[in-house]
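Student: Input file: start_22.cif. Contents: mmCIF, C-alpha atoms, pLDDT in the B column; chains and numbers go by the auth columns.
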```
data_data
loop_
_atom_site.group_PDB
_atom_site.id
_atom_site.type_symbol
_atom_site.label_atom_id
_atom_site.label_comp_id
_atom_site.label_asym_id
_atom_site.label_seq_id
_atom_site.Cartn_x
_atom_site.Cartn_y
_atom_site.Cartn_z
_atom_site.B_iso_or_equiv
_atom_site.auth_seq_id
_atom_site.auth_asym_id
ATOM 1 C CA MET A 1 -15.282 11.323 30.519 60.00 275 A
ATOM 2 C CA GLY A 2 -18.355 11.802 28.349 74.00 276 A
ATOM 3 C CA ILE A 3 -16.873 14.591 26.209 79.00 277 A
ATOM 4 C CA LEU A 4 -13.455 12.928 25.949 72.00 278 A
ATOM 5 C CA GLY A 5 -15.050 9.590 25.085 69.00 279 A
ATOM 6 C CA THR A 6 -17.154 11.200 22.368 73.00 280 A
ATOM 7 C CA MET A 7 -14.108 12.997 20.955 71.00 281 A
ATOM 8 C CA ALA A 8 -12.084 9.759 20.976 66.00 282 A
ATOM 9 C CA ARG A 9 -14.883 7.872 19.171 71.00 283 A
ATOM 10 C CA HIS A 10 -15.113 10.571 16.519 71.00 284 A
ATOM 11 C CA MET A 11 -11.390 11.313 16.190 72.00 285 A
ATOM 12 C CA ASP A 12 -11.427 10.423 12.497 68.00 286 A
ATOM 13 C CA THR A 13 -14.251 12.895 11.879 75.00 287 A
ATOM 14 C CA ILE A 14 -12.589 15.692 13.874 76.00 288 A
ATOM 15 C CA VAL A 15 -8.973 15.292 12.717 77.00 289 A
ATOM 16 C CA GLY A 16 -9.548 13.610 9.355 79.00 290 A
ATOM 17 C CA PRO A 17 -10.440 16.596 7.155 83.00 291 A
ATOM 18 C CA GLY A 18 -7.473 18.588 8.398 81.00 292 A
ATOM 19 C CA VAL A 19 -5.007 15.722 7.971 82.00 293 A
ATOM 20 C CA LEU A 20 -6.441 14.286 4.777 85.00 294 A
ATOM 21 C CA LEU A 21 -7.328 17.483 2.918 89.00 295 A
ATOM 22 C CA LEU A 22 -6.366 20.842 4.452 90.00 296 A
ATOM 23 C CA TYR A 23 -2.695 20.240 5.225 91.00 297 A
ATOM 24 C CA PRO A 24 -2.020 18.351 1.948 92.00 298 A
ATOM 25 C CA LEU A 25 -3.756 21.130 0.023 92.00 299 A
ATOM 26 C CA TYR A 26 -1.575 23.764 1.698 93.00 300 A
ATOM 27 C CA ALA A 27 1.601 21.690 1.230 91.00 301 A
ATOM 28 C CA SER A 28 0.732 21.015 -2.425 92.00 302 A
ATOM 29 C CA MET A 29 0.354 24.724 -3.127 93.00 303 A
ATOM 30 C CA ARG A 30 3.730 25.371 -1.474 92.00 304 A
ATOM 31 C CA ALA A 31 5.265 22.542 -3.526 89.00 305 A
ATOM 32 C CA ILE A 32 3.976 24.085 -6.751 90.00 306 A
ATOM 33 C CA GLU A 33 5.704 27.352 -5.875 90.00 307 A
ATOM 34 C CA SER A 34 9.008 25.782 -4.788 86.00 308 A
ATOM 35 C CA PRO A 35 11.820 25.113 -7.281 83.00 309 A
ATOM 36 C CA SER A 36 12.450 21.585 -5.952 79.00 310 A
ATOM 37 C CA THR A 37 10.781 18.581 -7.548 77.00 311 A
ATOM 38 C CA LEU A 38 11.091 16.370 -4.435 76.00 312 A
ATOM 39 C CA ASP A 39 8.098 17.938 -2.727 82.00 313 A
ATOM 40 C CA ASP A 40 6.131 17.746 -5.990 84.00 314 A
ATOM 41 C CA GLN A 41 6.789 14.011 -6.037 83.00 315 A
ATOM 42 C CA GLN A 42 5.647 13.672 -2.404 86.00 316 A
ATOM 43 C CA TRP A 43 2.378 15.507 -2.919 91.00 317 A
ATOM 44 C CA LEU A 44 1.499 14.127 -6.350 90.00 318 A
ATOM 45 C CA THR A 45 2.000 10.646 -4.951 89.00 319 A
ATOM 46 C CA TYR A 46 -0.112 11.531 -1.915 92.00 320 A
ATOM 47 C CA TRP A 47 -3.025 12.714 -4.073 93.00 321 A
ATOM 48 C CA VAL A 48 -2.852 9.600 -6.241 90.00 322 A
ATOM 49 C CA LEU A 49 -2.865 7.352 -3.153 91.00 323 A
ATOM 50 C CA TYR A 50 -5.651 9.380 -1.555 92.00 324 A
ATOM 51 C CA SER A 51 -7.695 8.973 -4.746 91.00 325 A
ATOM 52 C CA PHE A 52 -7.134 5.203 -4.665 90.00 326 A
ATOM 53 C CA ILE A 53 -8.213 5.062 -1.018 92.00 327 A
ATOM 54 C CA THR A 54 -11.346 7.071 -1.827 92.00 328 A
ATOM 55 C CA LEU A 55 -12.168 4.819 -4.791 94.00 329 A
ATOM 56 C CA PHE A 56 -11.630 1.778 -2.596 94.00 330 A
ATOM 57 C CA GLU A 57 -13.970 3.196 0.042 93.00 331 A
ATOM 58 C CA LEU A 58 -16.634 4.033 -2.520 94.00 332 A
ATOM 59 C CA SER A 59 -16.395 0.584 -4.091 95.00 333 A
ATOM 60 C CA CYS A 60 -16.328 -1.397 -0.855 94.00 334 A
ATOM 61 C CA TYR A 61 -18.440 0.739 1.463 92.00 335 A
ATOM 62 C CA LYS A 62 -20.801 -2.135 2.341 93.00 336 A
ATOM 63 C CA ILE A 63 -17.906 -4.350 3.391 95.00 337 A
ATOM 64 C CA LEU A 64 -16.069 -1.547 5.217 94.00 338 A
ATOM 65 C CA ALA A 65 -19.214 -0.808 7.234 92.00 339 A
ATOM 66 C CA TRP A 66 -18.578 -4.128 9.020 94.00 340 A
ATOM 67 C CA PHE A 67 -15.136 -2.923 10.181 92.00 341 A
ATOM 68 C CA PRO A 68 -15.552 -0.167 12.780 88.00 342 A
ATOM 69 C CA ILE A 69 -11.769 0.258 12.945 90.00 343 A
ATOM 70 C CA TRP A 70 -11.484 1.172 9.225 90.00 344 A
ATOM 71 C CA PRO A 71 -11.727 4.975 9.683 86.00 345 A
ATOM 72 C CA TYR A 72 -8.935 4.866 12.260 86.00 346 A
ATOM 73 C CA MET A 73 -6.757 2.648 10.058 91.00 347 A
ATOM 74 C CA LYS A 74 -7.291 5.085 7.195 89.00 348 A
ATOM 75 C CA LEU A 75 -6.423 8.027 9.446 88.00 349 A
ATOM 76 C CA VAL A 76 -3.209 6.410 10.685 90.00 350 A
ATOM 77 C CA PHE A 77 -2.179 5.422 7.146 92.00 351 A
ATOM 78 C CA CYS A 78 -2.863 8.924 5.833 90.00 352 A
ATOM 79 C CA LEU A 79 -0.951 10.445 8.755 90.00 353 A
ATOM 80 C CA TRP A 80 1.996 8.299 7.712 93.00 354 A
ATOM 81 C CA LEU A 81 1.588 9.489 4.110 92.00 355 A
ATOM 82 C CA VAL A 82 1.254 13.174 5.024 91.00 356 A
ATOM 83 C CA LEU A 83 3.486 13.977 7.981 88.00 357 A
ATOM 84 C CA PRO A 84 6.917 15.306 6.953 85.00 358 A
ATOM 85 C CA MET A 85 8.714 13.204 9.579 89.00 359 A
ATOM 86 C CA PHE A 86 7.541 10.034 7.776 89.00 360 A
ATOM 87 C CA ASN A 87 7.105 11.157 4.128 86.00 361 A
ATOM 88 C CA GLY A 88 5.168 7.978 3.472 90.00 362 A
ATOM 89 C CA ALA A 89 3.964 9.019 0.031 89.00 363 A
ATOM 90 C CA ALA A 90 7.551 9.614 -1.147 84.00 364 A
ATOM 91 C CA TYR A 91 8.561 6.263 0.381 88.00 365 A
ATOM 92 C CA ILE A 92 5.816 4.465 -1.545 88.00 366 A
ATOM 93 C CA TYR A 93 6.834 6.243 -4.736 82.00 367 A
ATOM 94 C CA GLU A 94 10.524 5.404 -4.369 81.00 368 A
ATOM 95 C CA ASN A 95 10.086 1.786 -3.279 85.00 369 A
ATOM 96 C CA PHE A 96 7.036 0.628 -5.224 83.00 370 A
ATOM 97 C CA VAL A 97 5.819 2.950 -7.966 78.00 371 A
ATOM 98 C CA ARG A 98 9.240 3.789 -9.376 74.00 372 A
ATOM 99 C CA GLN A 99 10.299 0.119 -9.336 74.00 373 A
ATOM 100 C CA TYR A 100 7.105 -0.838 -11.155 73.00 374 A
ATOM 101 C CA MET A 101 7.618 1.879 -13.765 69.00 375 A
ATOM 102 C CA LYS A 102 11.228 0.803 -14.260 66.00 376 A
ATOM 103 C CA ASN A 103 10.161 -2.805 -14.780 62.00 377 A
ATOM 104 C CA ILE A 104 7.568 -2.066 -17.435 55.00 378 A
ATOM 105 C CA GLY A 105 9.931 0.323 -19.199 54.00 379 A
ATOM 106 C CA SER A 106 7.419 3.026 -20.037 51.00 380 A
ATOM 107 C CA TYR A 107 9.000 5.663 -17.800 45.00 381 A
ATOM 108 C CA TYR A 108 12.596 5.190 -18.865 49.00 382 A
ATOM 109 C CA GLY A 109 11.940 4.596 -22.500 48.00 383 A
ATOM 110 C CA ASN A 110 11.401 1.431 -24.397 52.00 384 A
ATOM 111 C CA SER A 111 13.659 -1.557 -23.726 57.00 385 A
ATOM 112 C CA LYS A 112 14.842 -1.563 -27.352 68.00 386 A
ATOM 113 C CA TYR A 113 17.224 1.319 -26.565 68.00 387 A
ATOM 114 C CA PRO A 114 20.744 0.799 -25.180 72.00 388 A
ATOM 115 C CA GLU A 115 21.407 1.742 -21.565 71.00 389 A
ATOM 116 C CA ASP A 116 23.229 5.022 -22.357 69.00 390 A
ATOM 117 C CA GLN A 117 20.318 6.160 -24.541 68.00 391 A
ATOM 118 C CA LYS A 118 17.842 5.250 -21.795 69.00 392 A
ATOM 119 C CA LYS A 119 19.765 7.532 -19.420 69.00 393 A
ATOM 120 C CA VAL A 120 19.398 10.418 -21.850 68.00 394 A
ATOM 121 C CA LEU A 121 15.717 9.645 -22.449 68.00 395 A
ATOM 122 C CA GLN A 122 14.903 9.552 -18.738 68.00 396 A
ATOM 123 C CA MET A 123 16.162 13.118 -18.287 70.00 397 A
ATOM 124 C CA MET A 124 13.700 14.461 -20.865 69.00 398 A
ATOM 125 C CA SER A 125 10.117 15.540 -20.611 68.00 399 A
ATOM 126 C CA PHE A 126 7.483 13.209 -22.035 66.00 400 A
ATOM 127 C CA ASP A 127 7.068 15.243 -25.241 69.00 401 A
ATOM 128 C CA ALA A 128 10.816 15.520 -25.829 73.00 402 A
ATOM 129 C CA ARG A 129 11.243 11.802 -25.171 72.00 403 A
ATOM 130 C CA LYS A 130 8.570 10.934 -27.725 74.00 404 A
ATOM 131 C CA ALA A 131 10.211 13.229 -30.301 78.00 405 A
ATOM 132 C CA VAL A 132 13.607 11.580 -29.711 78.00 406 A
ATOM 133 C CA GLU A 133 12.064 8.118 -29.956 77.00 407 A
ATOM 134 C CA ARG A 134 10.543 9.095 -33.329 81.00 408 A
ATOM 135 C CA TYR A 135 13.964 10.415 -34.415 84.00 409 A
ATOM 136 C CA ILE A 136 15.633 7.130 -33.444 82.00 410 A
ATOM 137 C CA ASP A 137 12.939 5.106 -35.208 82.00 411 A
ATOM 138 C CA THR A 138 13.337 7.223 -38.353 87.00 412 A
ATOM 139 C CA TYR A 139 17.131 7.710 -38.551 88.00 413 A
ATOM 140 C CA GLY A 140 18.438 4.900 -36.389 83.00 414 A
ATOM 141 C CA SER A 141 20.271 4.503 -33.166 80.00 415 A
ATOM 142 C CA GLU A 142 23.629 5.485 -34.655 85.00 416 A
ATOM 143 C CA ALA A 143 22.314 8.898 -35.709 84.00 417 A
ATOM 144 C CA PHE A 144 21.137 9.512 -32.162 82.00 418 A
ATOM 145 C CA GLU A 145 24.577 8.508 -30.862 84.00 419 A
ATOM 146 C CA ARG A 146 26.158 11.123 -33.146 86.00 420 A
ATOM 147 C CA VAL A 147 23.761 13.783 -31.821 83.00 421 A
ATOM 148 C CA ILE A 148 24.631 12.859 -28.225 82.00 422 A
ATOM 149 C CA ARG A 149 28.373 12.995 -28.932 84.00 423 A
ATOM 150 C CA ALA A 150 28.024 16.377 -30.663 84.00 424 A
ATOM 151 C CA ALA A 151 25.980 17.762 -27.765 81.00 425 A
ATOM 152 C CA ASP A 152 28.503 16.400 -25.267 81.00 426 A
ATOM 153 C CA LYS A 153 31.378 17.948 -27.224 83.00 427 A
ATOM 154 C CA GLU A 154 29.550 21.293 -27.338 82.00 428 A
ATOM 155 C CA ALA A 155 28.791 21.170 -23.626 79.00 429 A
ATOM 156 C CA ARG A 156 32.461 20.605 -22.790 83.00 430 A
ATOM 157 C CA LYS A 157 33.415 23.770 -24.659 79.00 431 A
ATOM 158 C CA HIS A 158 31.399 25.909 -22.246 68.00 432 A
#
```
Translate this structure into structure tokens?

Tutor:
Amino acid sequence: MGILGTMARHMDTIVGPGVLLLYPLYASMRAIESPSTLDDQQWLTYWVLYSFITLFELSCYKILAWFPIWPYMKLVFCLWLVLPMFNGAAYIYENFVRQYMKNIGSYYGNSKYPEDQKKVLQMMSFDARKAVERYIDTYGSEAFERVIRAADKEARKH
């Protein structure tokens, strides 16, 4: 019981680095090489959340020292974030981060644009979106509508 008890007390130290760093590192490298963006979203969100947890620990280490269960809570939470059967990081992104970004409007374009223009803007990269926003500010919303109609007409030809 002595060895098992010691292993149980130090489970976070034994399993933690593999769960918190090694597997996510491996999965992130695989996500970079895959053509899908879903796994990129999962692992980018994981690394952001892991960074927040680390910052929280560094900022509150004196308080957390009073909670002996903290390392186990962190391990369980990170297991939920990491393990593919749960995909916790993707869940947090879809249900919290994305909703927040939608509400402030910075991800889907400024709220001054009509809904159909927002849909077009959200499909673009950040640089392209900024260029289109400058175009709309310079030439007006109607000019952008004409560009969209012309592009739509051209796309239907092919």

Student: Which residues are near Leu349 (chain A)? Cut-off 8 Å, only C-alpha atoms, ignore same chain within fewer than 2 positions. Put them as a CSV table (one decimal) with C-alpha atoms, keeping the file's coordinate frame.

Tutor:
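Result file follows (selection-v3.csv):
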```
chain,number,residue,atom,x,y,z
A,286,ASP,CA,-11.4,10.4,12.5
A,290,GLY,CA,-9.5,13.6,9.4
A,293,VAL,CA,-5.0,15.7,8.0
A,294,LEU,CA,-6.4,14.3,4.8
A,345,PRO,CA,-11.7,5.0,9.7
A,346,TYR,CA,-8.9,4.9,12.3
A,347,MET,CA,-6.8,2.6,10.1
A,351,PHE,CA,-2.2,5.4,7.1
A,352,CYS,CA,-2.9,8.9,5.8
A,353,LEU,CA,-1.0,10.4,8.8
```

Student: Would you mind telling me which residue in A:Met397, A:Lys348, A:Arg372, A:Trp340 lies nearest to Thr328 (chain A) when using only C-alpha atoms?

Tutor: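 Closest to Thr328 (chain A) of all the choices is A:Lys348.
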
Student: Find the distance between CA of Asn361 (chain A) and CA of Asp313 (chain A) and write it in Å to one decimal.

Tutor: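 Answer for the CA of Asn361 (chain A) to CA of Asp313 (chain A) separation: 9.7 Å.
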
Student: Could you tell me which residues the PyMOL selection byres ((chain A and resi 317) around 12) returns for this structure, as a ChimeraX atom specification?

Tutor: /A:294-295,297-306,311-316,318-324,355-358,361-367

Student: Separation of CA of Arg430 (chain A) and CA of Arg408 (chain A), in Å?

Tutor: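 Pair CA of Arg430 (chain A) / CA of Arg408 (chain A) returns 26.9 Å.
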
Student: Around all of region 323-332 of chain A's listed atoms, make the axis-aligned box with 4 Å on each side and tell me centre and edge lengths in Å to one decimal, as AutoDock Vina command-line options.

Tutor:
```
--center_x -9.7 --center_y 5.6 --center_z -2.4 --size_x 21.8 --size_y 15.6 --size_z 12.8
```
